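Data file: target.cif. Format and content: mmCIF, C-alpha atoms.
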```
data_run
loop_
_atom_site.label_atom_id
_atom_site.label_comp_id
_atom_site.auth_asym_id
_atom_site.auth_seq_id
_atom_site.Cartn_x
_atom_site.Cartn_y
_atom_site.Cartn_z
CA MET A 1 0.00 0.00 0.00
CA PRO A 2 1.37 3.49 -0.80
CA LEU A 3 1.98 6.15 1.83
CA SER A 4 -1.11 6.42 4.05
CA GLY A 5 -0.33 9.72 5.73
CA GLU A 6 2.35 12.10 6.91
CA ARG A 7 2.88 15.22 9.01
CA ALA A 8 5.83 17.57 9.32
CA ALA A 9 7.52 18.41 12.61
CA ARG A 10 6.29 21.50 14.45
CA ASP A 11 9.69 23.10 14.07
CA PRO A 12 10.52 23.37 10.35
CA GLY A 13 14.18 23.11 11.26
CA THR A 14 13.73 19.64 12.75
CA LYS A 15 14.67 17.13 10.08
CA ARG A 16 14.13 13.86 11.92
CA LEU A 17 11.86 11.38 10.16
CA PHE A 18 9.80 8.75 11.94
CA VAL A 19 8.30 5.93 9.84
CA PHE A 20 5.48 3.55 10.78
CA LEU A 21 5.81 0.47 8.60
CA ASP A 22 2.77 -1.18 10.16
CA GLY A 23 0.96 -1.34 13.48
CA LEU A 24 -1.24 1.72 13.14
CA GLU A 25 -4.06 -0.59 12.13
CA PHE A 26 -4.32 -1.10 15.89
CA ILE A 27 -5.78 2.42 16.13
CA ALA A 28 -9.41 2.95 15.15
CA GLY A 29 -9.64 5.77 12.61
CA THR A 30 -7.44 8.49 11.07
CA ASP A 31 -8.47 11.12 13.64
CA ALA A 32 -7.25 8.79 16.37
CA TYR A 33 -3.92 8.36 14.56
CA GLU A 34 -3.27 12.08 14.72
CA ARG A 35 -4.14 12.34 18.41
CA VAL A 36 -1.91 9.39 19.38
CA LEU A 37 1.02 10.54 17.22
CA GLU A 38 0.81 14.22 18.17
CA PRO A 39 3.63 14.05 20.80
CA LEU A 40 6.09 12.93 18.09
CA LEU A 41 5.84 16.28 16.31
CA ASP A 42 7.98 17.98 18.95
CA HIS A 43 10.86 15.75 17.84
CA GLY A 44 10.32 15.12 14.13
CA GLY A 45 7.85 14.49 11.33
CA TYR A 46 6.27 11.16 10.53
CA ARG A 47 5.03 9.01 7.70
CA PHE A 48 2.87 5.95 8.07
CA TYR A 49 2.12 2.99 5.89
CA LYS A 50 -0.03 -0.10 6.22
CA ASN A 51 2.64 -2.51 5.08
CA ARG A 52 1.63 -5.79 3.46
CA LEU A 53 3.52 -9.05 3.25
CA ASP A 54 3.67 -8.76 -0.54
CA GLU A 55 5.33 -5.35 -0.21
CA SER A 56 8.39 -6.50 1.71
CA GLY A 57 10.57 -5.47 -1.24
CA LEU A 58 9.61 -1.84 -0.56
CA LEU A 59 10.67 -1.93 3.08
CA LEU A 60 14.15 -0.44 2.65
CA GLU A 61 12.86 2.23 0.29
CA ARG A 62 10.42 3.35 2.98
CA ILE A 63 12.84 3.49 5.91
CA SER A 64 16.25 4.24 4.39
CA GLU A 65 16.16 7.87 5.62
CA ALA A 66 14.32 7.22 8.90
CA HIS A 67 15.67 8.15 12.32
CA ALA A 68 13.03 6.04 14.09
CA VAL A 69 11.01 3.10 12.80
CA PHE A 70 7.82 1.70 14.28
CA LEU A 71 6.72 -1.82 13.39
CA ASP A 72 4.62 -4.75 14.53
CA TRP A 73 5.36 -7.60 12.10
CA SER A 74 7.72 -6.30 9.42
CA ASN A 75 11.23 -7.76 9.63
CA LEU A 76 14.38 -5.71 10.13
CA SER A 77 17.34 -7.95 9.34
CA ALA A 78 21.00 -7.08 9.94
CA GLU A 79 21.30 -6.18 6.26
CA VAL A 80 18.34 -3.81 6.36
CA LEU A 81 19.53 -2.12 9.54
CA ALA A 82 23.00 -1.60 8.07
CA ASP A 83 21.45 0.21 5.09
CA CYS A 84 19.67 2.77 7.29
CA PRO A 85 22.43 5.24 8.18
CA ASN A 86 20.17 7.65 10.11
CA LEU A 87 18.38 5.03 12.17
CA GLU A 88 18.67 5.58 15.93
CA ILE A 89 15.72 3.69 17.43
CA VAL A 90 13.34 0.88 16.48
CA SER A 91 10.10 1.04 18.45
CA TYR A 92 8.47 -2.38 18.31
CA ILE A 93 4.70 -2.29 18.84
CA GLY A 94 4.38 -5.37 21.03
CA VAL A 95 6.60 -7.45 23.28
CA GLY A 96 8.41 -10.02 21.12
CA ALA A 97 10.73 -7.71 19.20
CA ALA A 98 13.39 -10.42 18.94
CA ASN A 99 11.16 -12.25 16.47
CA PHE A 100 11.20 -9.33 14.03
CA VAL A 101 14.34 -7.28 14.68
CA ASP A 102 17.95 -8.48 14.67
CA ILE A 103 18.71 -7.06 18.10
CA GLU A 104 22.34 -8.14 18.11
CA ALA A 105 22.95 -6.32 14.83
CA ALA A 106 21.03 -3.28 16.08
CA THR A 107 23.20 -3.17 19.20
CA GLY A 108 26.39 -3.34 17.15
CA LEU A 109 25.15 -0.40 15.08
CA GLY A 110 24.15 1.65 18.11
CA ILE A 111 20.43 1.39 17.36
CA ALA A 112 18.17 1.19 20.40
CA VAL A 113 15.31 -1.34 20.25
CA THR A 114 12.28 -0.81 22.47
CA ASN A 115 9.11 -2.77 23.09
CA THR A 116 5.80 -2.24 24.89
CA PRO A 117 5.71 -4.38 28.03
CA ASP A 118 2.62 -4.67 30.20
CA TYR A 119 0.24 -3.21 27.59
CA GLY A 120 -2.18 -6.13 27.67
CA ASN A 121 -1.61 -8.10 30.86
CA ARG A 122 -5.28 -8.37 31.79
CA SER A 123 -6.39 -9.05 28.21
CA VAL A 124 -3.93 -11.94 27.82
CA ALA A 125 -4.78 -13.38 31.22
CA GLU A 126 -8.50 -13.27 30.42
CA HIS A 127 -7.86 -15.11 27.17
CA ALA A 128 -5.80 -17.77 28.94
CA LEU A 129 -8.67 -18.29 31.38
CA GLY A 130 -11.05 -18.53 28.41
CA LEU A 131 -8.90 -21.24 26.84
CA ILE A 132 -8.94 -23.19 30.10
CA LEU A 133 -12.74 -23.11 30.17
CA ALA A 134 -13.01 -23.93 26.46
CA VAL A 135 -10.92 -27.08 26.90
CA ALA A 136 -12.20 -28.15 30.32
CA ARG A 137 -15.89 -27.70 29.42
CA ASN A 138 -15.66 -28.86 25.77
CA ILE A 139 -17.01 -25.51 24.58
CA ALA A 140 -15.34 -25.48 21.16
CA TRP A 141 -16.04 -29.20 20.67
CA GLY A 142 -19.72 -28.71 21.49
CA ASP A 143 -19.91 -25.76 19.10
CA ARG A 144 -18.53 -27.94 16.29
CA ASP A 145 -21.03 -30.69 17.13
CA LEU A 146 -24.01 -28.37 16.74
CA ARG A 147 -22.68 -26.86 13.52
CA ASP A 148 -22.37 -30.40 12.17
CA GLY A 149 -25.96 -31.22 13.17
CA ARG A 150 -25.10 -33.41 16.18
CA TRP A 151 -26.71 -33.13 19.63
CA THR A 152 -24.07 -34.43 22.05
CA SER A 153 -25.26 -33.18 25.42
CA MET A 154 -24.58 -36.47 27.20
CA ASP A 155 -21.30 -37.20 25.40
CA ARG A 156 -19.31 -34.12 26.33
CA GLU A 157 -18.73 -34.42 30.05
CA GLY A 158 -16.50 -31.59 31.20
CA VAL A 159 -14.34 -30.77 34.17
CA GLN A 160 -15.35 -28.23 36.81
CA VAL A 161 -12.45 -25.80 37.04
CA SER A 162 -13.21 -24.30 40.43
CA GLY A 163 -11.36 -26.23 43.12
CA ARG A 164 -8.73 -27.58 40.72
CA SER A 165 -5.04 -26.72 40.87
CA ILE A 166 -3.29 -24.54 38.31
CA GLY A 167 0.43 -24.11 37.86
CA LEU A 168 1.68 -20.88 36.28
CA VAL A 169 5.08 -21.11 34.62
CA GLY A 170 6.41 -17.57 34.78
CA MET A 171 5.31 -14.95 37.30
CA GLY A 172 5.86 -11.79 35.32
CA ALA A 173 3.17 -9.20 34.75
CA VAL A 174 0.79 -11.51 32.87
CA GLY A 175 1.44 -14.35 35.31
CA ARG A 176 0.45 -12.09 38.17
CA GLU A 177 -2.79 -11.09 36.48
CA MET A 178 -3.47 -14.76 35.82
CA ALA A 179 -2.80 -15.64 39.46
CA ARG A 180 -5.33 -13.04 40.61
CA LEU A 181 -7.99 -14.17 38.14
CA CYS A 182 -7.52 -17.85 38.95
CA HIS A 183 -7.57 -17.23 42.70
CA ALA A 184 -10.85 -15.29 42.34
CA PHE A 185 -12.19 -18.15 40.20
CA GLY A 186 -11.65 -20.65 43.00
CA LEU A 187 -8.55 -22.37 41.64
CA ARG A 188 -5.65 -23.34 43.87
CA VAL A 189 -2.72 -21.42 42.39
CA PHE A 190 0.90 -22.61 42.22
CA TYR A 191 3.76 -21.03 40.30
CA TYR A 192 7.30 -21.50 39.10
CA ASP A 193 9.66 -18.69 38.21
CA ILE A 194 13.44 -18.38 38.09
CA GLU A 195 13.05 -16.07 41.08
CA ARG A 196 10.74 -16.45 44.07
CA ARG A 197 8.02 -13.79 44.19
CA PRO A 198 7.14 -13.40 47.90
CA ASP A 199 4.74 -10.54 47.21
CA ILE A 200 2.38 -12.88 45.31
CA GLU A 201 2.61 -15.81 47.72
CA ASP A 202 -0.49 -14.80 49.64
CA ILE A 203 -2.45 -16.29 46.71
CA ALA A 204 0.12 -18.50 44.92
CA VAL A 205 2.41 -21.23 46.26
CA TYR A 206 5.90 -21.69 44.82
CA LEU A 207 6.87 -25.08 43.36
CA ASP A 208 9.88 -26.15 41.36
CA MET A 209 9.25 -26.88 37.69
CA ASP A 210 9.06 -30.67 38.04
CA GLY A 211 6.74 -30.43 41.02
CA LEU A 212 4.45 -28.01 39.25
CA PHE A 213 4.05 -30.20 36.16
CA SER A 214 3.45 -33.36 38.16
CA ARG A 215 1.09 -31.85 40.74
CA CYS A 216 -1.22 -29.46 38.90
CA ASP A 217 -4.42 -30.18 36.98
CA ILE A 218 -3.78 -27.23 34.65
CA VAL A 219 -0.48 -25.73 33.55
CA SER A 220 -0.45 -22.28 31.94
CA LEU A 221 2.69 -20.85 30.33
CA HIS A 222 3.64 -17.19 30.78
CA ILE A 223 7.28 -17.25 29.70
CA ALA A 224 9.31 -14.59 27.93
CA TYR A 225 10.89 -15.87 24.71
CA THR A 226 14.68 -15.84 24.63
CA PRO A 227 17.18 -18.21 23.00
CA GLU A 228 17.38 -19.99 26.37
CA THR A 229 13.61 -20.57 26.59
CA ARG A 230 13.17 -22.00 23.08
CA ASN A 231 11.36 -25.38 23.51
CA LEU A 232 11.73 -24.98 27.26
CA ILE A 233 8.57 -27.04 27.64
CA GLY A 234 9.10 -30.34 25.86
CA GLU A 235 8.64 -34.09 26.17
CA ARG A 236 10.24 -34.30 29.62
CA GLU A 237 7.97 -31.67 31.16
CA ILE A 238 4.78 -32.76 29.39
CA SER A 239 5.34 -36.41 30.35
CA ARG A 240 5.22 -35.38 34.00
CA MET A 241 1.70 -34.00 33.70
CA ARG A 242 -1.22 -35.81 35.28
CA PRO A 243 -3.56 -37.88 33.13
CA GLY A 244 -6.44 -35.56 32.39
CA ALA A 245 -4.33 -32.41 32.79
CA ILE A 246 -4.67 -29.37 30.53
CA LEU A 247 -1.83 -27.31 29.03
CA ILE A 248 -2.34 -23.65 28.05
CA ASN A 249 0.05 -21.39 26.15
CA THR A 250 -0.49 -17.67 25.63
CA SER A 251 3.22 -16.83 25.73
CA ARG A 252 5.41 -17.09 22.61
CA GLY A 253 4.87 -20.23 20.59
CA GLU A 254 8.58 -21.02 20.49
CA VAL A 255 8.71 -21.84 24.21
CA LEU A 256 6.61 -24.99 23.64
CA ASP A 257 7.66 -28.06 21.64
CA LEU A 258 4.52 -28.67 19.57
CA ALA A 259 5.68 -32.09 18.40
CA ALA A 260 6.05 -33.26 22.00
CA LEU A 261 2.62 -31.85 22.82
CA ALA A 262 1.03 -33.59 19.82
CA ASP A 263 2.65 -36.88 20.89
CA ALA A 264 1.17 -36.60 24.38
CA LEU A 265 -2.29 -35.69 23.11
CA GLU A 266 -2.36 -38.47 20.51
CA LYS A 267 -1.40 -41.01 23.18
CA GLY A 268 -4.03 -39.69 25.60
CA GLY A 269 -1.40 -38.67 28.13
CA ILE A 270 -3.19 -35.39 28.90
CA LYS A 271 -6.79 -34.22 28.46
CA GLY A 272 -6.23 -31.29 26.14
CA ALA A 273 -4.55 -28.03 25.31
CA GLY A 274 -5.42 -24.43 24.52
CA LEU A 275 -2.93 -22.49 22.41
CA ASP A 276 -2.83 -18.92 21.13
CA ASN A 277 0.78 -18.61 19.93
CA PHE A 278 2.81 -20.77 17.56
CA PRO A 279 6.23 -21.04 15.95
CA GLY A 280 6.25 -19.89 12.34
CA GLU A 281 3.41 -17.38 12.53
CA PRO A 282 1.47 -16.41 10.48
CA HIS A 283 1.72 -19.83 8.78
CA PRO A 284 2.41 -22.30 11.61
CA ASP A 285 2.46 -26.04 11.00
CA LEU A 286 -0.61 -27.24 12.92
CA SER A 287 -1.24 -30.34 10.81
CA ARG A 288 -1.19 -32.73 13.77
CA LEU A 289 -3.01 -30.53 16.27
CA ILE A 290 -5.99 -29.55 14.10
CA ARG A 291 -7.06 -33.21 13.92
CA LEU A 292 -7.48 -33.40 17.69
CA ASP A 293 -10.86 -32.52 19.19
CA ARG A 294 -9.49 -31.70 22.62
CA VAL A 295 -7.29 -28.89 21.35
CA VAL A 296 -8.53 -25.30 21.15
CA LEU A 297 -6.50 -23.05 18.85
CA THR A 298 -6.76 -19.28 18.42
CA PRO A 299 -4.68 -17.15 16.00
CA HIS A 300 -2.59 -15.02 18.38
CA ILE A 301 -5.54 -12.94 19.59
CA ALA A 302 -5.01 -12.98 23.36
CA PHE A 303 -3.70 -9.41 23.19
CA ASN A 304 -6.38 -8.23 20.78
CA THR A 305 -8.70 -5.95 22.72
CA ARG A 306 -9.37 -2.29 22.06
CA GLU A 307 -7.98 -1.42 25.48
CA ALA A 308 -4.74 -3.34 24.99
CA LYS A 309 -4.11 -2.01 21.48
CA ASP A 310 -4.59 1.59 22.58
CA ARG A 311 -2.08 1.13 25.41
CA MET A 312 0.38 -0.68 23.14
CA THR A 313 0.49 2.11 20.56
CA ALA A 314 0.70 4.83 23.20
CA ILE A 315 3.68 3.11 24.85
CA ALA A 316 5.45 2.68 21.48
CA VAL A 317 5.04 6.40 20.73
CA ASN A 318 6.19 7.36 24.22
CA ASN A 319 9.28 5.19 23.79
CA VAL A 320 10.42 7.41 20.92
CA VAL A 321 9.43 10.64 22.68
CA SER A 322 11.32 9.63 25.82
CA PHE A 323 14.35 8.58 23.74
CA TYR A 324 14.63 12.00 22.13
CA SER A 325 13.90 13.68 25.47
CA GLY A 326 17.03 12.06 26.90
CA GLU A 327 15.19 9.63 29.19
CA PRO A 328 14.85 6.37 27.19
CA GLU A 329 12.35 3.79 28.40
CA ASN A 330 11.74 0.10 27.68
CA VAL A 331 15.08 -0.32 25.90
CA MET A 332 15.81 -3.99 25.24
CA ASN A 333 19.48 -3.41 24.39
CA PRO A 334 20.68 -0.63 26.72
CA GLU A 335 24.30 -1.20 25.68
CA ALA A 336 23.35 0.36 22.32
CA LEU A 337 22.79 3.69 24.06
CA ALA A 338 26.50 4.02 24.77
CA LYS A 339 27.48 3.51 21.13
CA GLU A 340 27.70 5.94 18.29
CA ARG A 341 26.53 4.84 14.89
CA PRO A 342 29.46 3.88 12.69
CA ILE A 343 29.76 6.09 9.64
#
```

Could you write out this structure as structure tokens?
Amino acid sequence: MPLSGERAARDPGTKRLFVFLDGLEFIAGTDAYERVLEPLLDHGGYRFYKNRLDESGLLLERISEAHAVFLDWSNLSAEVLADCPNLEIVSYIGVGAANFVDIEAATGLGIAVTNTPDYGNRSVAEHALGLILAVARNIAWGDRDLRDGRWTSMDREGVQVSGRSIGLVGMGAVGREMARLCHAFGLRVFYYDIERRPDIEDIAVYLDMDGLFSRCDIVSLHIAYTPETRNLIGEREISRMRPGAILINTSRGEVLDLAALADALEKGGIKGAGLDNFPGEPHPDLSRLIRLDRVVLTPHIAFNTREAKDRMTAIAVNNVVSFYSGEPENVMNPEALAKERPI
């Protein structure tokens, strides 16, 4: 798609250019764009596009002169970054910037990379709870039955969630929201994290990873994706789960070994799974999972509420404003701040 809109900086002498490759589709309406982007005009002018996958060849043309780039799903490789001599900051509209930006290359070039943590903690936690209910109470399965003309009221016995135990892997911001929701819902809450979180232990009991997988009726993943957490949850962990247990993932798809999960489900080792994130998005290989009735799959929509998207875009804009105000926030590679861009 060609240029969708642009505005010059307030000060005609300010030559910085900020480019939105994508992500502004999160904002409802052009008037809203201008309100949200208004703070940028004190530091530079902006252009915005609604990038499409079939326009990836135009990416460098659009950002080659940019000082700041905003993106949600476009990819900035080491080669692209090296061909952007003015680029000082990449503001990723979301959390998982490492999936779309070569952060190591950016750091070497002195380009700061920011993300938008905590924009949708409640939205993601609500979705995870929804997946639990969908699997435990056969909601999606029952929906498919009726659409296929089958009345299966007596065949779809579910599991009452209240009173069951849930283990949360990861007690970051989303994990904390999940702990509060599950506690209010009548679940007994356990958690594992690389650090103990005493401030949450009035409602959640700490267990080591092995104990959590073997003890809990439901396991819900809330893990940040790093090279170290790739396939963190695999055959060993899943094999420890109780017969009839449920596995939920609303963190990055790469933290879960889908082949190991499919093996366990096909063998009847666990009751079911609810998944919102997958490796290889937007074209993940779900060929084994889609054949299984006790799996509920959603296309990375846990974050997708109006409230979360408004917060996400506002944080991304503020990251650039704070950077040029000399008080950078949410920088994923702070060592880049000490570097000057090589000429």

The PyMOL selection byres ((chain A and resi 32-42) around 12) applied to the shown file, residues as a PyMOL selection string: chain A and resi 4-20+23-31+43-49+68+70+309-325

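Applied to the file shown here, the PyMOL selection byres ((chain A and resi 159) around 9) selects Leu133, Val135, Ala136, Arg137, Asn138, Glu157, Gly158, Gln160 and Val161 of chain A.
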
To test your reading of the syntax: which residues would the PyMOL selection byres ((chain A and resi 187-202) around 12) return for the file shown? Reply as a PDB file with C-alpha atoms, keeping the file's coordinate frame.
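The resulting out-v4.pdb:
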```
ATOM      1  CA  LEU A 129      -8.670 -18.290  31.380  1.00  0.00           C
ATOM      2  CA  ILE A 132      -8.940 -23.190  30.100  1.00  0.00           C
ATOM      3  CA  GLN A 160     -15.350 -28.230  36.810  1.00  0.00           C
ATOM      4  CA  VAL A 161     -12.450 -25.800  37.040  1.00  0.00           C
ATOM      5  CA  SER A 162     -13.210 -24.300  40.430  1.00  0.00           C
ATOM      6  CA  GLY A 163     -11.360 -26.230  43.120  1.00  0.00           C
ATOM      7  CA  ARG A 164      -8.730 -27.580  40.720  1.00  0.00           C
ATOM      8  CA  SER A 165      -5.040 -26.720  40.870  1.00  0.00           C
ATOM      9  CA  ILE A 166      -3.290 -24.540  38.310  1.00  0.00           C
ATOM     10  CA  GLY A 167       0.430 -24.110  37.860  1.00  0.00           C
ATOM     11  CA  LEU A 168       1.680 -20.880  36.280  1.00  0.00           C
ATOM     12  CA  VAL A 169       5.080 -21.110  34.620  1.00  0.00           C
ATOM     13  CA  GLY A 170       6.410 -17.570  34.780  1.00  0.00           C
ATOM     14  CA  MET A 171       5.310 -14.950  37.300  1.00  0.00           C
ATOM     15  CA  GLY A 172       5.860 -11.790  35.320  1.00  0.00           C
ATOM     16  CA  ALA A 173       3.170  -9.200  34.750  1.00  0.00           C
ATOM     17  CA  GLY A 175       1.440 -14.350  35.310  1.00  0.00           C
ATOM     18  CA  ARG A 176       0.450 -12.090  38.170  1.00  0.00           C
ATOM     19  CA  GLU A 177      -2.790 -11.090  36.480  1.00  0.00           C
ATOM     20  CA  MET A 178      -3.470 -14.760  35.820  1.00  0.00           C
ATOM     21  CA  ALA A 179      -2.800 -15.640  39.460  1.00  0.00           C
ATOM     22  CA  ARG A 180      -5.330 -13.040  40.610  1.00  0.00           C
ATOM     23  CA  LEU A 181      -7.990 -14.170  38.140  1.00  0.00           C
ATOM     24  CA  CYS A 182      -7.520 -17.850  38.950  1.00  0.00           C
ATOM     25  CA  HIS A 183      -7.570 -17.230  42.700  1.00  0.00           C
ATOM     26  CA  ALA A 184     -10.850 -15.290  42.340  1.00  0.00           C
ATOM     27  CA  PHE A 185     -12.190 -18.150  40.200  1.00  0.00           C
ATOM     28  CA  GLY A 186     -11.650 -20.650  43.000  1.00  0.00           C
ATOM     29  CA  ILE A 203      -2.450 -16.290  46.710  1.00  0.00           C
ATOM     30  CA  ALA A 204       0.120 -18.500  44.920  1.00  0.00           C
ATOM     31  CA  VAL A 205       2.410 -21.230  46.260  1.00  0.00           C
ATOM     32  CA  TYR A 206       5.900 -21.690  44.820  1.00  0.00           C
ATOM     33  CA  LEU A 207       6.870 -25.080  43.360  1.00  0.00           C
ATOM     34  CA  ASP A 208       9.880 -26.150  41.360  1.00  0.00           C
ATOM     35  CA  MET A 209       9.250 -26.880  37.690  1.00  0.00           C
ATOM     36  CA  ASP A 210       9.060 -30.670  38.040  1.00  0.00           C
ATOM     37  CA  GLY A 211       6.740 -30.430  41.020  1.00  0.00           C
ATOM     38  CA  LEU A 212       4.450 -28.010  39.250  1.00  0.00           C
ATOM     39  CA  PHE A 213       4.050 -30.200  36.160  1.00  0.00           C
ATOM     40  CA  SER A 214       3.450 -33.360  38.160  1.00  0.00           C
ATOM     41  CA  ARG A 215       1.090 -31.850  40.740  1.00  0.00           C
ATOM     42  CA  CYS A 216      -1.220 -29.460  38.900  1.00  0.00           C
ATOM     43  CA  ASP A 217      -4.420 -30.180  36.980  1.00  0.00           C
ATOM     44  CA  ILE A 218      -3.780 -27.230  34.650  1.00  0.00           C
ATOM     45  CA  VAL A 219      -0.480 -25.730  33.550  1.00  0.00           C
ATOM     46  CA  SER A 220      -0.450 -22.280  31.940  1.00  0.00           C
ATOM     47  CA  LEU A 221       2.690 -20.850  30.330  1.00  0.00           C
ATOM     48  CA  HIS A 222       3.640 -17.190  30.780  1.00  0.00           C
ATOM     49  CA  ILE A 223       7.280 -17.250  29.700  1.00  0.00           C
ATOM     50  CA  ALA A 224       9.310 -14.590  27.930  1.00  0.00           C
ATOM     51  CA  THR A 229      13.610 -20.570  26.590  1.00  0.00           C
TER      52      THR A 229
END
```

A:Ile301, A:Ser77, A:Val174, A:Val69 ranked by distance to Asp118 of chain A, top pick (using all atoms listed in the file): A:Val174

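Closest approach to Leu81 of chain A among A:Asn330, A:Asn99, A:Thr107, A:Asn304: A:Thr107, based on only C-alpha atoms.
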